[in-house]
Every structure is written in C-alpha cells, then in structure tokens.
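J.: What follows is coords-v4.cif; its format and atoms are mmCIF, C-alpha atoms and all ligand atoms.
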```cif
data_work
loop_
_atom_site.label_atom_id
_atom_site.label_comp_id
_atom_site.auth_asym_id
_atom_site.auth_seq_id
_atom_site.Cartn_x
_atom_site.Cartn_y
_atom_site.Cartn_z
CA MET A 1 18.36 135.87 112.35
CA THR A 2 19.88 132.93 110.48
CA SER A 3 21.00 130.10 112.63
CA ARG A 4 24.63 131.07 111.97
CA GLU A 5 23.94 134.61 113.13
CA ARG A 6 22.52 133.15 116.32
CA ALA A 7 25.73 131.18 116.90
CA LEU A 8 27.78 134.33 116.34
CA ALA A 9 25.53 136.22 118.77
CA LEU A 10 26.15 133.54 121.42
CA ASP A 11 29.90 133.90 120.85
CA ALA A 12 29.64 137.67 121.15
CA VAL A 13 28.37 137.42 124.73
CA ASP A 14 30.58 134.47 125.77
CA PRO A 15 32.76 135.61 128.70
CA LEU A 16 35.32 132.92 127.85
CA ALA A 17 35.68 133.99 124.20
CA PRO A 18 39.04 135.76 124.80
CA PHE A 19 40.58 132.46 125.91
CA ARG A 20 40.63 131.23 122.32
CA ASP A 21 43.54 133.63 121.79
CA ARG A 22 45.43 131.92 124.59
CA VAL A 23 45.80 128.62 122.68
CA VAL A 24 47.49 127.79 119.40
CA VAL A 25 45.01 127.79 116.53
CA ALA A 26 47.32 126.74 113.70
CA ASP A 27 44.52 126.28 111.18
CA PRO A 28 41.66 128.76 111.74
CA GLU A 29 39.46 126.80 109.33
CA LEU A 30 39.71 123.55 111.32
CA LEU A 31 36.58 122.75 113.32
CA TYR A 32 38.23 120.96 116.23
CA LEU A 33 35.70 119.14 118.37
CA ASP A 34 38.00 116.58 119.96
CA GLY A 35 39.25 118.57 122.94
CA ASN A 36 38.13 115.66 125.11
CA SER A 37 40.77 113.43 123.51
CA LEU A 38 43.61 115.90 123.11
CA GLY A 39 43.28 119.54 124.12
CA ARG A 40 44.89 122.41 122.24
CA LEU A 41 48.34 123.78 123.03
CA PRO A 42 48.28 126.92 125.23
CA HIS A 43 50.72 129.63 124.12
CA ALA A 44 52.00 129.84 127.69
CA THR A 45 52.85 126.13 127.63
CA ARG A 46 54.75 126.38 124.36
CA ASP A 47 56.78 129.29 125.78
CA ARG A 48 57.32 127.59 129.15
CA LEU A 49 58.55 124.37 127.53
CA ARG A 50 60.85 126.29 125.21
CA THR A 51 62.41 128.06 128.21
CA HIS A 52 62.61 124.80 130.10
CA VAL A 53 64.40 122.98 127.30
CA GLU A 54 66.75 125.78 126.28
CA ASP A 55 67.57 127.51 129.56
CA GLU A 56 66.79 125.03 132.29
CA TRP A 57 67.69 121.65 130.86
CA GLY A 58 70.17 123.17 128.41
CA GLY A 59 71.70 125.60 130.88
CA ARG A 60 71.21 124.39 134.40
CA LEU A 61 71.54 120.67 133.74
CA VAL A 62 71.43 118.61 136.93
CA ARG A 63 71.34 121.77 139.07
CA GLY A 64 67.76 122.25 137.83
CA TRP A 65 66.54 119.37 140.03
CA HIS A 66 66.60 121.70 142.98
CA ASP A 67 63.44 123.31 141.57
CA TRP A 68 62.02 120.35 139.69
CA VAL A 69 61.95 117.72 142.40
CA ALA A 70 58.86 119.07 144.17
CA LEU A 71 56.80 119.56 141.01
CA PRO A 72 54.55 116.46 141.40
CA SER A 73 53.13 117.85 144.64
CA VAL A 74 53.39 121.56 143.73
CA VAL A 75 51.46 121.04 140.50
CA GLY A 76 49.22 118.49 142.21
CA ASP A 77 48.21 121.08 144.80
CA GLU A 78 47.46 123.64 142.08
CA LEU A 79 45.37 121.12 140.14
CA GLY A 80 43.59 119.96 143.27
CA ALA A 81 42.68 123.49 144.34
CA ALA A 82 41.59 124.77 140.90
CA LEU A 83 39.89 121.72 139.42
CA LEU A 84 39.00 119.28 142.21
CA GLY A 85 38.18 121.62 145.08
CA VAL A 86 40.46 119.71 147.47
CA GLY A 87 43.08 120.82 149.95
CA PRO A 88 46.89 120.74 149.71
CA GLY A 89 48.90 117.55 150.17
CA GLU A 90 46.23 115.28 148.67
CA THR A 91 46.93 115.41 144.90
CA LEU A 92 50.02 114.33 142.96
CA VAL A 93 50.76 114.67 139.27
CA CYS A 94 52.59 111.51 138.23
CA ASP A 95 52.66 108.47 135.93
CA ASN A 96 49.62 107.79 133.76
CA THR A 97 46.01 107.21 134.69
CA SER A 98 46.26 103.43 134.33
CA SER A 99 49.28 103.15 136.65
CA ASN A 100 47.72 105.48 139.20
CA LEU A 101 44.52 103.46 139.12
CA PHE A 102 46.54 100.29 139.72
CA LYS A 103 48.46 101.73 142.66
CA LEU A 104 45.35 103.07 144.37
CA ALA A 105 43.19 100.02 143.68
CA VAL A 106 45.76 97.58 145.11
CA ALA A 107 46.33 99.88 148.09
CA ALA A 108 42.60 100.17 148.80
CA MET A 109 41.98 96.44 148.52
CA ARG A 110 44.87 95.63 150.84
CA ALA A 111 43.65 98.20 153.36
CA THR A 112 40.10 96.85 153.48
CA GLY A 113 41.15 93.19 153.43
CA ARG A 114 38.07 92.35 151.34
CA ARG A 115 37.99 90.07 148.29
CA VAL A 116 35.69 91.82 145.80
CA LEU A 117 36.13 94.88 143.58
CA VAL A 118 33.15 96.41 141.78
CA THR A 119 33.10 98.25 138.47
CA ASP A 120 30.72 98.50 135.50
CA ASP A 121 30.82 96.97 132.03
CA ASP A 122 30.81 100.35 130.27
CA ASN A 123 33.78 101.70 132.19
CA PHE A 124 36.75 102.83 130.08
CA PRO A 125 38.79 99.83 128.81
CA THR A 126 41.93 100.62 130.80
CA ASP A 127 39.90 100.81 134.02
CA ARG A 128 38.33 97.42 133.38
CA HIS A 129 41.68 95.91 132.40
CA VAL A 130 43.59 97.34 135.37
CA LEU A 131 40.88 96.28 137.83
CA ALA A 132 40.78 92.76 136.33
CA GLY A 133 44.58 92.64 136.73
CA VAL A 134 44.34 93.80 140.33
CA ALA A 135 41.75 91.11 141.04
CA ASP A 136 44.08 88.46 139.52
CA LEU A 137 47.06 89.71 141.43
CA LEU A 138 45.25 89.67 144.77
CA GLY A 139 43.23 86.51 144.18
CA ALA A 140 40.11 88.66 144.38
CA GLU A 141 36.92 88.81 142.32
CA LEU A 142 36.00 91.63 139.94
CA ARG A 143 32.23 92.03 140.11
CA VAL A 144 31.08 93.84 136.97
CA VAL A 145 27.66 95.46 136.96
CA HIS A 146 25.80 96.32 133.79
CA SER A 147 25.45 99.96 132.75
CA ASP A 148 23.31 101.24 129.94
CA ARG A 149 25.61 102.56 127.21
CA ASP A 150 23.64 105.80 126.94
CA ALA A 151 22.29 106.43 130.45
CA GLY A 152 25.42 105.38 132.36
CA VAL A 153 25.89 103.80 135.75
CA SER A 154 22.85 102.11 137.30
CA VAL A 155 22.54 102.75 141.01
CA GLU A 156 20.07 99.87 141.19
CA ALA A 157 22.61 97.43 139.76
CA LEU A 158 25.26 98.78 142.13
CA ARG A 159 22.95 98.39 145.10
CA GLU A 160 22.73 94.66 144.27
CA ALA A 161 26.48 94.28 143.80
CA VAL A 162 27.89 96.35 146.65
CA ARG A 163 27.67 93.89 149.53
CA ASP A 164 29.81 93.48 152.63
CA ASP A 165 32.42 91.44 150.76
CA VAL A 166 33.33 94.49 148.63
CA GLY A 167 36.53 96.42 149.32
CA LEU A 168 36.50 98.91 146.44
CA VAL A 169 34.00 100.44 144.03
CA SER A 170 35.75 102.01 141.05
CA LEU A 171 33.83 103.92 138.37
CA SER A 172 34.22 106.81 135.95
CA HIS A 173 32.49 110.07 136.77
CA THR A 174 31.79 111.13 133.18
CA ALA A 175 31.23 108.13 130.90
CA TYR A 176 33.81 108.27 128.09
CA ARG A 177 31.33 107.32 125.37
CA SER A 178 27.96 108.87 126.27
CA GLY A 179 29.10 111.59 128.67
CA ALA A 180 26.58 110.41 131.30
CA LEU A 181 27.49 111.51 134.84
CA ALA A 182 27.59 109.01 137.67
CA PRO A 183 26.06 110.06 141.02
CA VAL A 184 29.21 110.34 143.11
CA ALA A 185 27.66 111.00 146.52
CA GLU A 186 25.09 108.22 146.11
CA VAL A 187 27.73 105.67 145.10
CA ASP A 188 30.06 106.78 147.89
CA ALA A 189 27.22 106.31 150.39
CA LEU A 190 26.48 102.80 149.06
CA ALA A 191 30.13 101.82 149.31
CA HIS A 192 30.72 103.32 152.73
CA ALA A 193 27.63 101.66 154.13
CA VAL A 194 29.35 98.28 153.64
CA GLY A 195 32.83 99.46 154.61
CA ALA A 196 34.20 99.74 151.04
CA LEU A 197 36.25 102.58 149.56
CA THR A 198 35.59 104.42 146.29
CA LEU A 199 37.99 105.24 143.46
CA TRP A 200 36.81 107.62 140.73
CA ASP A 201 38.24 108.09 137.27
CA LEU A 202 37.71 111.77 136.43
CA SER A 203 39.55 111.77 133.09
CA HIS A 204 36.52 113.08 131.20
CA SER A 205 35.55 115.55 133.93
CA VAL A 206 38.69 117.29 135.10
CA GLY A 207 38.90 120.81 133.72
CA ALA A 208 35.34 120.86 132.40
CA VAL A 209 32.95 119.34 134.94
CA PRO A 210 33.15 120.15 138.66
CA VAL A 211 32.95 117.16 140.96
CA ASP A 212 32.33 117.20 144.68
CA LEU A 213 34.89 114.83 146.22
CA SER A 214 33.87 115.55 149.80
CA THR A 215 32.34 112.07 150.12
CA ALA A 216 34.92 110.22 147.99
CA ASP A 217 38.11 108.39 148.97
CA LEU A 218 40.33 108.21 145.90
CA ALA A 219 40.45 109.59 142.37
CA VAL A 220 42.62 109.61 139.26
CA GLY A 221 42.51 111.38 135.92
CA CYS A 222 44.49 112.41 132.89
CA THR A 223 45.61 115.89 131.84
CA TYR A 224 45.78 115.72 128.05
CA LYS A 225 42.07 116.30 127.49
CA TYR A 226 40.51 119.43 129.04
CA VAL A 227 43.67 120.31 130.99
CA ASN A 228 45.49 120.80 127.65
CA ALA A 229 48.82 119.45 128.90
CA GLY A 230 49.72 117.63 125.69
CA PRO A 231 49.98 114.09 124.32
CA GLY A 232 51.06 111.66 127.02
CA ALA A 233 51.31 114.36 129.72
CA PRO A 234 51.46 112.91 133.26
CA ALA A 235 48.21 112.05 135.02
CA TRP A 236 47.24 112.79 138.62
CA LEU A 237 45.97 110.91 141.65
CA TRP A 238 44.08 112.10 144.71
CA VAL A 239 43.95 110.47 148.15
CA ARG A 240 41.52 111.77 150.73
CA SER A 241 43.34 113.41 153.59
CA GLY A 242 43.65 111.08 156.56
CA LEU A 243 43.35 107.88 154.49
CA GLU A 244 46.49 105.86 155.24
CA LEU A 245 47.26 103.49 152.37
CA ASP A 246 50.45 101.82 151.11
CA ASN A 247 51.76 102.19 147.58
CA PRO A 248 52.31 98.73 146.07
CA VAL A 249 54.92 100.18 143.69
CA GLN A 250 57.49 101.20 146.30
CA GLY A 251 59.82 103.54 144.48
CA TRP A 252 62.46 105.92 145.77
CA PHE A 253 60.38 109.04 145.07
CA GLY A 254 57.66 107.72 147.37
CA ALA A 255 60.14 107.11 150.18
CA ALA A 256 60.44 109.40 153.20
CA ASP A 257 63.95 110.37 152.06
CA PRO A 258 64.64 109.45 148.44
CA PHE A 259 68.31 110.27 148.84
CA ALA A 260 68.97 108.16 151.94
CA MET A 261 70.66 105.75 149.58
CA ASP A 262 71.42 102.91 151.96
CA ALA A 263 68.23 102.96 154.01
CA PRO A 264 65.46 100.37 153.54
CA TYR A 265 62.15 101.62 152.14
CA ALA A 266 60.20 103.82 154.53
CA PRO A 267 57.16 105.51 152.98
CA ALA A 268 56.76 109.29 152.83
CA ALA A 269 53.87 110.75 154.81
CA GLY A 270 50.42 111.04 153.24
CA ALA A 271 49.72 110.93 149.51
CA GLN A 272 53.38 111.65 148.69
CA ARG A 273 54.17 107.94 149.07
CA PHE A 274 52.20 107.25 145.86
CA LEU A 275 55.05 108.68 143.82
CA THR A 276 57.27 106.03 142.29
CA GLY A 277 60.19 107.20 140.14
CA THR A 278 61.73 110.30 138.58
CA PRO A 279 59.05 112.83 137.63
CA PRO A 280 58.62 113.87 133.95
CA VAL A 281 59.56 117.54 134.33
CA GLY A 282 58.53 118.85 130.90
CA GLY A 283 55.14 117.19 131.23
CA LEU A 284 54.66 118.57 134.73
CA LEU A 285 55.34 122.11 133.56
CA ALA A 286 52.78 121.63 130.80
CA VAL A 287 50.21 120.47 133.37
CA GLN A 288 51.00 123.51 135.51
CA GLU A 289 50.40 125.94 132.64
CA GLY A 290 47.24 124.09 131.62
CA VAL A 291 45.87 124.23 135.17
CA ARG A 292 46.71 127.93 135.52
CA LEU A 293 44.88 128.78 132.31
CA LEU A 294 41.79 126.87 133.46
CA ALA A 295 42.01 128.49 136.90
CA GLU A 296 41.94 131.89 135.23
CA ALA A 297 38.87 130.92 133.19
CA GLY A 298 37.23 129.50 136.32
CA LEU A 299 35.57 126.11 136.61
CA PRO A 300 32.01 127.47 137.10
CA ARG A 301 32.26 129.46 133.85
CA LEU A 302 33.77 126.49 132.04
CA ARG A 303 30.90 124.28 133.22
CA THR A 304 28.25 126.83 132.23
CA LYS A 305 29.73 127.19 128.76
CA GLY A 306 30.24 123.42 128.39
CA GLN A 307 26.58 122.87 129.11
CA ALA A 308 25.53 125.63 126.70
CA LEU A 309 27.76 124.28 123.90
CA THR A 310 26.56 120.70 124.29
CA SER A 311 22.91 121.79 124.57
CA TYR A 312 23.32 123.77 121.37
CA LEU A 313 24.88 120.74 119.71
CA VAL A 314 21.98 118.52 120.81
CA GLU A 315 19.48 121.09 119.49
CA LEU A 316 21.15 121.18 116.06
CA ALA A 317 21.49 117.39 115.95
CA ASP A 318 17.78 117.02 116.62
CA ALA A 319 16.84 119.60 113.98
CA TRP A 320 19.29 118.70 111.23
CA LEU A 321 20.59 115.17 111.73
CA ALA A 322 17.67 113.19 113.18
CA PRO A 323 16.04 113.01 109.71
CA HIS A 324 19.25 111.26 108.56
CA ASP A 325 19.12 108.38 111.02
CA VAL A 326 21.14 110.10 113.75
CA ARG A 327 20.19 109.69 117.40
CA VAL A 328 21.52 111.68 120.33
CA ALA A 329 22.94 108.94 122.59
CA SER A 330 24.01 111.22 125.47
CA PRO A 331 21.72 112.31 128.32
CA ARG A 332 19.49 115.19 127.16
CA ASP A 333 19.55 116.87 130.55
CA ALA A 334 22.68 119.07 130.60
CA ASP A 335 23.02 118.45 134.35
CA ALA A 336 23.24 114.72 133.69
CA ARG A 337 26.07 114.84 131.12
CA GLY A 338 29.67 115.98 130.97
CA SER A 339 31.11 118.24 128.32
CA HIS A 340 30.76 116.00 125.26
CA VAL A 341 27.92 114.60 123.20
CA VAL A 342 27.77 111.32 121.34
CA LEU A 343 25.62 110.69 118.28
CA GLU A 344 24.62 107.24 117.11
CA HIS A 345 24.58 106.48 113.38
CA PRO A 346 24.84 103.10 111.62
CA ARG A 347 27.65 104.43 109.39
CA ALA A 348 29.46 106.32 112.14
CA TRP A 349 32.96 105.28 111.08
CA GLN A 350 32.43 106.31 107.46
CA LEU A 351 30.84 109.57 108.58
CA VAL A 352 33.82 110.45 110.80
CA GLN A 353 36.26 109.84 107.93
CA GLU A 354 34.31 112.14 105.64
CA LEU A 355 34.05 114.81 108.33
CA VAL A 356 37.79 114.73 109.01
CA ALA A 357 38.44 115.08 105.26
CA ARG A 358 36.26 118.20 105.34
CA GLY A 359 38.08 119.77 108.28
CA VAL A 360 35.71 118.70 111.07
CA VAL A 361 37.39 116.68 113.85
CA PRO A 362 35.15 114.67 116.19
CA ASP A 363 36.12 111.08 117.04
CA TYR A 364 34.71 107.63 116.52
CA ARG A 365 33.81 105.20 119.26
CA VAL A 366 32.78 101.63 118.62
CA PRO A 367 30.44 100.43 117.40
CA ASP A 368 28.37 103.21 115.87
CA ARG A 369 29.11 106.50 117.69
CA VAL A 370 30.46 109.89 116.67
CA ARG A 371 31.71 111.81 119.69
CA PHE A 372 31.88 115.61 119.75
CA GLY A 373 33.90 117.23 122.54
CA PRO A 374 33.58 121.03 122.24
CA ALA A 375 36.10 122.01 124.94
CA PRO A 376 34.59 125.05 126.66
CA LEU A 377 37.88 126.96 126.99
CA TYR A 378 38.35 127.63 123.29
CA THR A 379 35.44 126.23 121.26
CA ARG A 380 33.03 128.73 119.73
CA PHE A 381 29.30 128.26 119.20
CA VAL A 382 29.91 128.95 115.52
CA ASP A 383 32.33 126.00 115.42
CA VAL A 384 29.52 123.76 116.65
CA HIS A 385 27.13 125.32 114.15
CA ASP A 386 29.46 124.88 111.18
CA ALA A 387 30.48 121.34 112.16
CA LEU A 388 26.86 120.23 112.43
CA ALA A 389 25.95 121.97 109.16
CA ILE A 390 28.74 120.06 107.40
CA THR A 391 27.59 116.82 109.05
CA ARG A 392 24.07 117.47 107.76
CA ASP A 393 25.37 118.10 104.24
CA VAL A 394 27.48 114.94 104.25
CA LEU A 395 24.56 112.81 105.39
CA ALA A 396 22.17 114.41 102.90
CA SER A 397 24.56 113.81 99.98
CA GLY A 398 25.67 110.34 101.07
CA ALA A 399 29.32 111.37 100.53
CA HIS A 400 30.44 109.28 103.52
CA LEU A 401 29.32 106.07 101.84
CA THR A 402 32.40 106.13 99.58
CA ARG A 403 34.70 105.83 102.63
CA PRO A 404 36.11 102.47 103.87
CA ALA A 405 33.70 100.67 106.17
CA GLU A 406 36.41 99.03 108.35
CA PRO A 407 37.55 101.19 111.33
CA ALA A 408 41.24 102.10 111.80
CA ARG A 409 42.93 101.62 115.19
CA VAL A 410 43.15 105.21 116.44
CA THR A 411 40.90 108.15 115.65
C1 LIG B 501 38.15 107.39 131.45
C2 LIG B 501 39.57 107.27 131.00
N1 LIG B 501 40.48 106.72 131.82
C3 LIG B 501 41.76 106.59 131.45
C4 LIG B 501 42.19 107.01 130.21
C5 LIG B 501 43.60 106.85 129.76
O1 LIG B 501 44.47 106.37 130.70
P1 LIG B 501 46.03 106.53 130.49
O2 LIG B 501 46.42 107.92 130.94
O3 LIG B 501 46.64 105.49 131.34
O4 LIG B 501 46.33 106.31 129.04
C6 LIG B 501 41.28 107.59 129.33
C7 LIG B 501 41.73 108.04 128.00
O5 LIG B 501 41.01 108.47 127.15
C8 LIG B 501 39.94 107.72 129.73
O6 LIG B 501 39.04 108.25 128.91
#
```
Please rewrite the model in this file as structure tokens.
Ligand SMILES: Cc1ncc(COP(=O)(O)O)c(C=O)c1O
T.:
Amino acid sequence: MTSRERALALDAVDPLAPFRDRVVVADPELLYLDGNSLGRLPHATRDRLRTHVEDEWGGRLVRGWHDWVALPSVVGDELGAALLGVGPGETLVCDNTSSNLFKLAVAAMRATGRRVLVTDDDNFPTDRHVLAGVADLLGAELRVVHSDRDAGVSVEALREAVRDDVGLVSLSHTAYRSGALAPVAEVDALAHAVGALTLWDLSHSVGAVPVDLSTADLAVGCTYKYVNAGPGAPAWLWVRSGLELDNPVQGWFGAADPFAMDAPYAPAAGAQRFLTGTPPVGGLLAVQEGVRLLAEAGLPRLRTKGQALTSYLVELADAWLAPHDVRVASPRDADARGSHVVLEHPRAWQLVQELVARGVVPDYRVPDRVRFGPAPLYTRFVDVHDALAITRDVLASGAHLTRPAEPARVT
C-alpha cells in the first residue's frame, strides 16, 4: 500500500466523510487546512441566509423582529447543548469574543472585589489586550504567568500566581499557536481555592474539542472557526447558572424589558443581561446552521477524527519534513492537543507563501510557525497526505526561498 492509498483507506472508513458534501467546496483541488481560522460555508447556511435576505428581510421587514429578537438565547441554547454540554439559559450568541471577554472579566472582577487578574504570556493577543485594559479600567493588576510556547499553560507557574488577592483567572483552553490544551479542572480548582473565578476562551476548541465546564464559571468563544458561521459571525458567552454578575455595558437588550422605553435600566435575569444592543440576525442564523451541522456529526466523532487527522499529520511531518529542519511544535500526545498542529521552521513565512501558491492553505504564526488546522467535519486524510507531500517537495527543492522574507499582516 502506498502512503496515499493508506490515506484513501482511512477516508473510506471515516464515518464523517459524507459531511464533506454538506459544505461548499468551490475548488476541489484546494487543500484547505485553515478551518481553525475560517471554516467552510455549509450549504444549509448559504440557503438559510438567502431565504433570510430575500424573504424575511426583503419581505417581512420590521415584522420579522417578532422571530428574530430571541435568537441570541435560542441559538445560544443550541450551541451550549451541542458543543459545550451546558444547560439552557446559560449561553448567549452576541458581539465578538473580545467584547464578551471584556464584559465578563469586568463583571467577575467587580463581583469578587479583588485587585488582581491572572493570565499567561502566550494567551491570544486580544485576550491579553482586553485583560490589560480591564486592569487599567479597574485600577487592578494583570499578573501574567509564563507559558511554554509549545507545551502551553504551566500549572506550576499558576500555582505561584493564584493567591488570595486574585479575582479572576482567564486562559485559553486550546492554545492558538501550539494547540496545547490547558487543564481546565485543575485551574478551576486552583482559582476556587482562593475565592477567584475562571474565564475560559474556547475559540480554538468549540466545535472540535469537548470541554467539561462543570467546574468552570465563565467562557467565551468565536464561531467562525470550527462552527463554520462565516467571517465576523457573532461570538458567544457562557455564564454558569446561579452566578449573579452585572454587565458593565448596560444596553437595552440586556434590560429586563428592552421596550419599556422610559424606565431606568433594570437588568434581565441570569445570563440574558449580558446582551447589549441589537443582535446581528444574519450572523445568528449562520451560527444556528453551523451548530446544527456539528450536532448532527456529533462532538465525540468530531473529536475522534480530529485526533486521528492531527496524529496522521504529525506522523507525516516526522517522516517527511523533519529531515528538512521542521519540528513538530504541538504536543505529541493527541489527548494533550486540540485539533490543529503547528510546525516550526526557520523560513516558515516563505514556506507558507509557496504552499498557498501551490494550492495548500495553512497559516503562518509569528515568528517561525506553520499552522495546519484540518477541521474534522470536512477534511479528508488524503488532503493531509497531499498537503504534507507538497510541503516536503517545496522544502526539498528550496522553492520557498524565492518568496519575500518579510511577513504580510494577515494570512
Ligand atoms: C483564542 C482566540 N480568542 C479570540 C479570538 C478573536 O476574537 P474576536 O472574535 O474578538 O475577533 C481568536 C481569533 O482567532 C482566538 O484565536
């Protein structure tokens, strides 16, 4: 069996293989391995949005709000049940991840009355920026612990930092660069032992990696990666049931009665108060279709396939790319990583440019990483095989060395 035949054999027994027909594959030759930046467009979403624009917006006009107004919580409940394993009334689809992080972080800090927030130095930039802004706003301190860029969050470093002056510990579950998973229950226990709350960013987990939130307090995440809801689709937030917090961005949609026009602000019950303004209806419908497609595939099967795809990628990288100065910079244990793999190479930026020119789409992450995100819903083993074979050929020929050495802003 050639190695390509082996990949085809793995595809032949993949229970999720039929789901590839449920998303738009405009260019069948394209080896798309960036589903962890922007997922593919489901057919159902394209059809739903067309109906929404033509019949609902076009036809019903303002009368459509009767059905649209509850979408943040309706879609939130669907997302929470299918992808987070949480109960109804705890999840809202709204705003973007950064804004949701801000609202929840300020709320948590005010509720605990403490003066220190904890995060790590390898957390996603927006998380670090938002948390630094929250610290400034509240006259608090942001205590930043060091995480290894490959191995992820260090529980030892956290143990040092999480003292009884801490109000909030905010980390990512799956590290955006290496894919390393943080130990949620262990961190929650550390935080709770000193009376602090926890706020998890699940952007690189939701829709691909199950996470047990039974010990957690708060979470946020985006929907344009594995949830396939489209560029700039609204994000979500989750508040543990029973946790009473106040939204610092008091908008009319978070009020008990948004249409009590003359009344002063009175917050809605529960998580609902973390809404702010008018919901983005088209985006919400896209999230709903994305969630329903993933629910049909089933999170356990998505996780199993994600682990198999990334393990296969690691195996090929070791066999074919290691001789060309490539190092696997993600955890090797599939249980310790999310659904993407990052490779380190001194010419990573040039390599990515050459790969994109040859129809292979990973992405680049500073300073020297090529990130492959084979989304389990629609990526085939043969896609991973062919992408890595092309990568091997590029490195062997040195073709990437003709590409500009200075990175562009967005990949
Ligand atoms: C971990 C993480 N958090 C947040 C974001 C993005 O946040 P926002 O939806 O505000 O753009 C990303 C985007 O890639 C991410 O990887």
J.: Within 10 Å of ligand LIG 501 (chain B), which residues of chain A come that close, and what is the closest atom pair and distance in Å for each? Count all atoms listed in the file and give it as a Markdown table.
T.:
```
| residue | atom | partner | partner_atom | distance |
| --- | --- | --- | --- | --- |
| A:Asn36 | CA | B:LIG501 | O5 | 8.0 |
| A:Ser37 | CA | B:LIG501 | O5 | 6.2 |
| A:Leu38 | CA | B:LIG501 | O5 | 8.8 |
| A:Asp95 | CA | B:LIG501 | O2 | 8.0 |
| A:Asn96 | CA | B:LIG501 | O2 | 4.3 |
| A:Thr97 | CA | B:LIG501 | O3 | 3.8 |
| A:Ser98 | CA | B:LIG501 | O3 | 3.7 |
| A:Ser99 | CA | B:LIG501 | O3 | 6.4 |
| A:Asn100 | CA | B:LIG501 | O3 | 7.9 |
| A:Leu101 | CA | B:LIG501 | O3 | 8.3 |
| A:Phe102 | CA | B:LIG501 | O3 | 9.9 |
| A:Asn123 | CA | B:LIG501 | C1 | 7.2 |
| A:Phe124 | CA | B:LIG501 | C1 | 5.0 |
| A:Pro125 | CA | B:LIG501 | N1 | 7.7 |
| A:Thr126 | CA | B:LIG501 | C3 | 6.0 |
| A:Asp127 | CA | B:LIG501 | N1 | 6.3 |
| A:Arg128 | CA | B:LIG501 | N1 | 9.7 |
| A:Val130 | CA | B:LIG501 | O3 | 9.6 |
| A:Leu171 | CA | B:LIG501 | C1 | 8.9 |
| A:Ser172 | CA | B:LIG501 | C1 | 6.0 |
| A:His173 | CA | B:LIG501 | C1 | 8.2 |
| A:Thr174 | CA | B:LIG501 | C1 | 7.6 |
| A:Ala175 | CA | B:LIG501 | C1 | 7.0 |
| A:Tyr176 | CA | B:LIG501 | O6 | 5.3 |
| A:Arg177 | CA | B:LIG501 | O6 | 8.5 |
| A:Trp200 | CA | B:LIG501 | C1 | 9.4 |
| A:Asp201 | CA | B:LIG501 | C1 | 5.9 |
| A:Leu202 | CA | B:LIG501 | C1 | 6.6 |
| A:Ser203 | CA | B:LIG501 | C1 | 4.9 |
| A:His204 | CA | B:LIG501 | O6 | 5.9 |
| A:Ser205 | CA | B:LIG501 | C1 | 8.9 |
| A:Val220 | CA | B:LIG501 | N1 | 8.3 |
| A:Gly221 | CA | B:LIG501 | N1 | 6.5 |
| A:Cys222 | CA | B:LIG501 | O2 | 5.3 |
| A:Thr223 | CA | B:LIG501 | O2 | 8.1 |
| A:Tyr224 | CA | B:LIG501 | O2 | 8.3 |
| A:Lys225 | CA | B:LIG501 | O5 | 7.9 |
| A:Pro231 | CA | B:LIG501 | O2 | 9.7 |
| A:Gly232 | CA | B:LIG501 | O2 | 7.1 |
| A:Ala233 | CA | B:LIG501 | O2 | 8.2 |
| A:Pro234 | CA | B:LIG501 | O2 | 7.5 |
| A:Ala235 | CA | B:LIG501 | O2 | 6.1 |
| A:Trp236 | CA | B:LIG501 | O2 | 9.1 |
```
J.: Kindly give the distance, in Å, that separates atom CA of Pro72 of chain A and atom CA of Ser170 of chain A, rounded to a single decimal.
T.: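 Separation of atom CA of Pro72 of chain A and atom CA of Ser170 of chain A: 23.7 Å.
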J.: Would you kindly identify which residues have an atom no farther than 12 Å from (37.3, 123.4, 109.4), using all atoms listed in the file and the file's own coordinates, and write them out as a PyMOL selection string?
T.: chain A and resi 25-33+355-362+382-391
J.: My list of candidates is A:Val118, A:Leu351, A:Val106, A:Ala82. Which is closest to Val227 of chain A when distances are computed with all atoms listed in the file?
T.: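 Among the listed residues, the smallest separation from Val227 of chain A belongs to A:Ala82.
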J.: Env of segment 42-53 of chain A: 7 Å cut, atoms = all atoms listed in the file, seq-sep filter 6 positions within chain, self excluded. Answer as a list of chain:residue names.
T.: A:Arg22, A:Val23, A:Val24, A:Gly282, A:Ala286, A:Glu289
J.: Have segment 327-331 of chain A completed to all heavy atoms, please, and pass it along as a compact mmCIF listing (two decimals), keeping the file's coordinate frame.
T.:
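Saved to selection-v7.txt:
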```txt
# COMPACT_ATOMS: atom_id res chain seq x y z
N ARG A 327 20.86 109.60 116.10
CA ARG A 327 20.19 109.69 117.40
C ARG A 327 21.17 110.23 118.44
O ARG A 327 22.33 109.80 118.49
CB ARG A 327 19.73 108.29 117.83
CG ARG A 327 18.95 108.24 119.13
CD ARG A 327 18.55 106.80 119.46
NE ARG A 327 19.69 105.98 119.82
CZ ARG A 327 20.22 105.89 121.04
NH1 ARG A 327 19.69 106.59 122.03
NH2 ARG A 327 21.26 105.10 121.28
N VAL A 328 20.70 111.18 119.22
CA VAL A 328 21.52 111.68 120.33
C VAL A 328 21.58 110.57 121.39
O VAL A 328 20.54 110.18 121.93
CB VAL A 328 20.93 112.97 120.94
CG1 VAL A 328 21.69 113.38 122.19
CG2 VAL A 328 20.94 114.10 119.90
N ALA A 329 22.80 110.08 121.66
CA ALA A 329 22.94 108.94 122.59
C ALA A 329 23.56 109.37 123.92
O ALA A 329 24.04 108.54 124.69
CB ALA A 329 23.76 107.84 121.94
N SER A 330 23.58 110.69 124.18
CA SER A 330 24.01 111.22 125.47
C SER A 330 22.76 111.64 126.24
O SER A 330 21.72 111.90 125.63
CB SER A 330 24.88 112.47 125.27
OG SER A 330 26.10 112.13 124.68
N PRO A 331 22.88 111.80 127.57
CA PRO A 331 21.72 112.31 128.32
C PRO A 331 21.30 113.69 127.77
O PRO A 331 22.15 114.51 127.43
CB PRO A 331 22.27 112.44 129.74
CG PRO A 331 23.39 111.46 129.81
CD PRO A 331 24.00 111.45 128.45
```
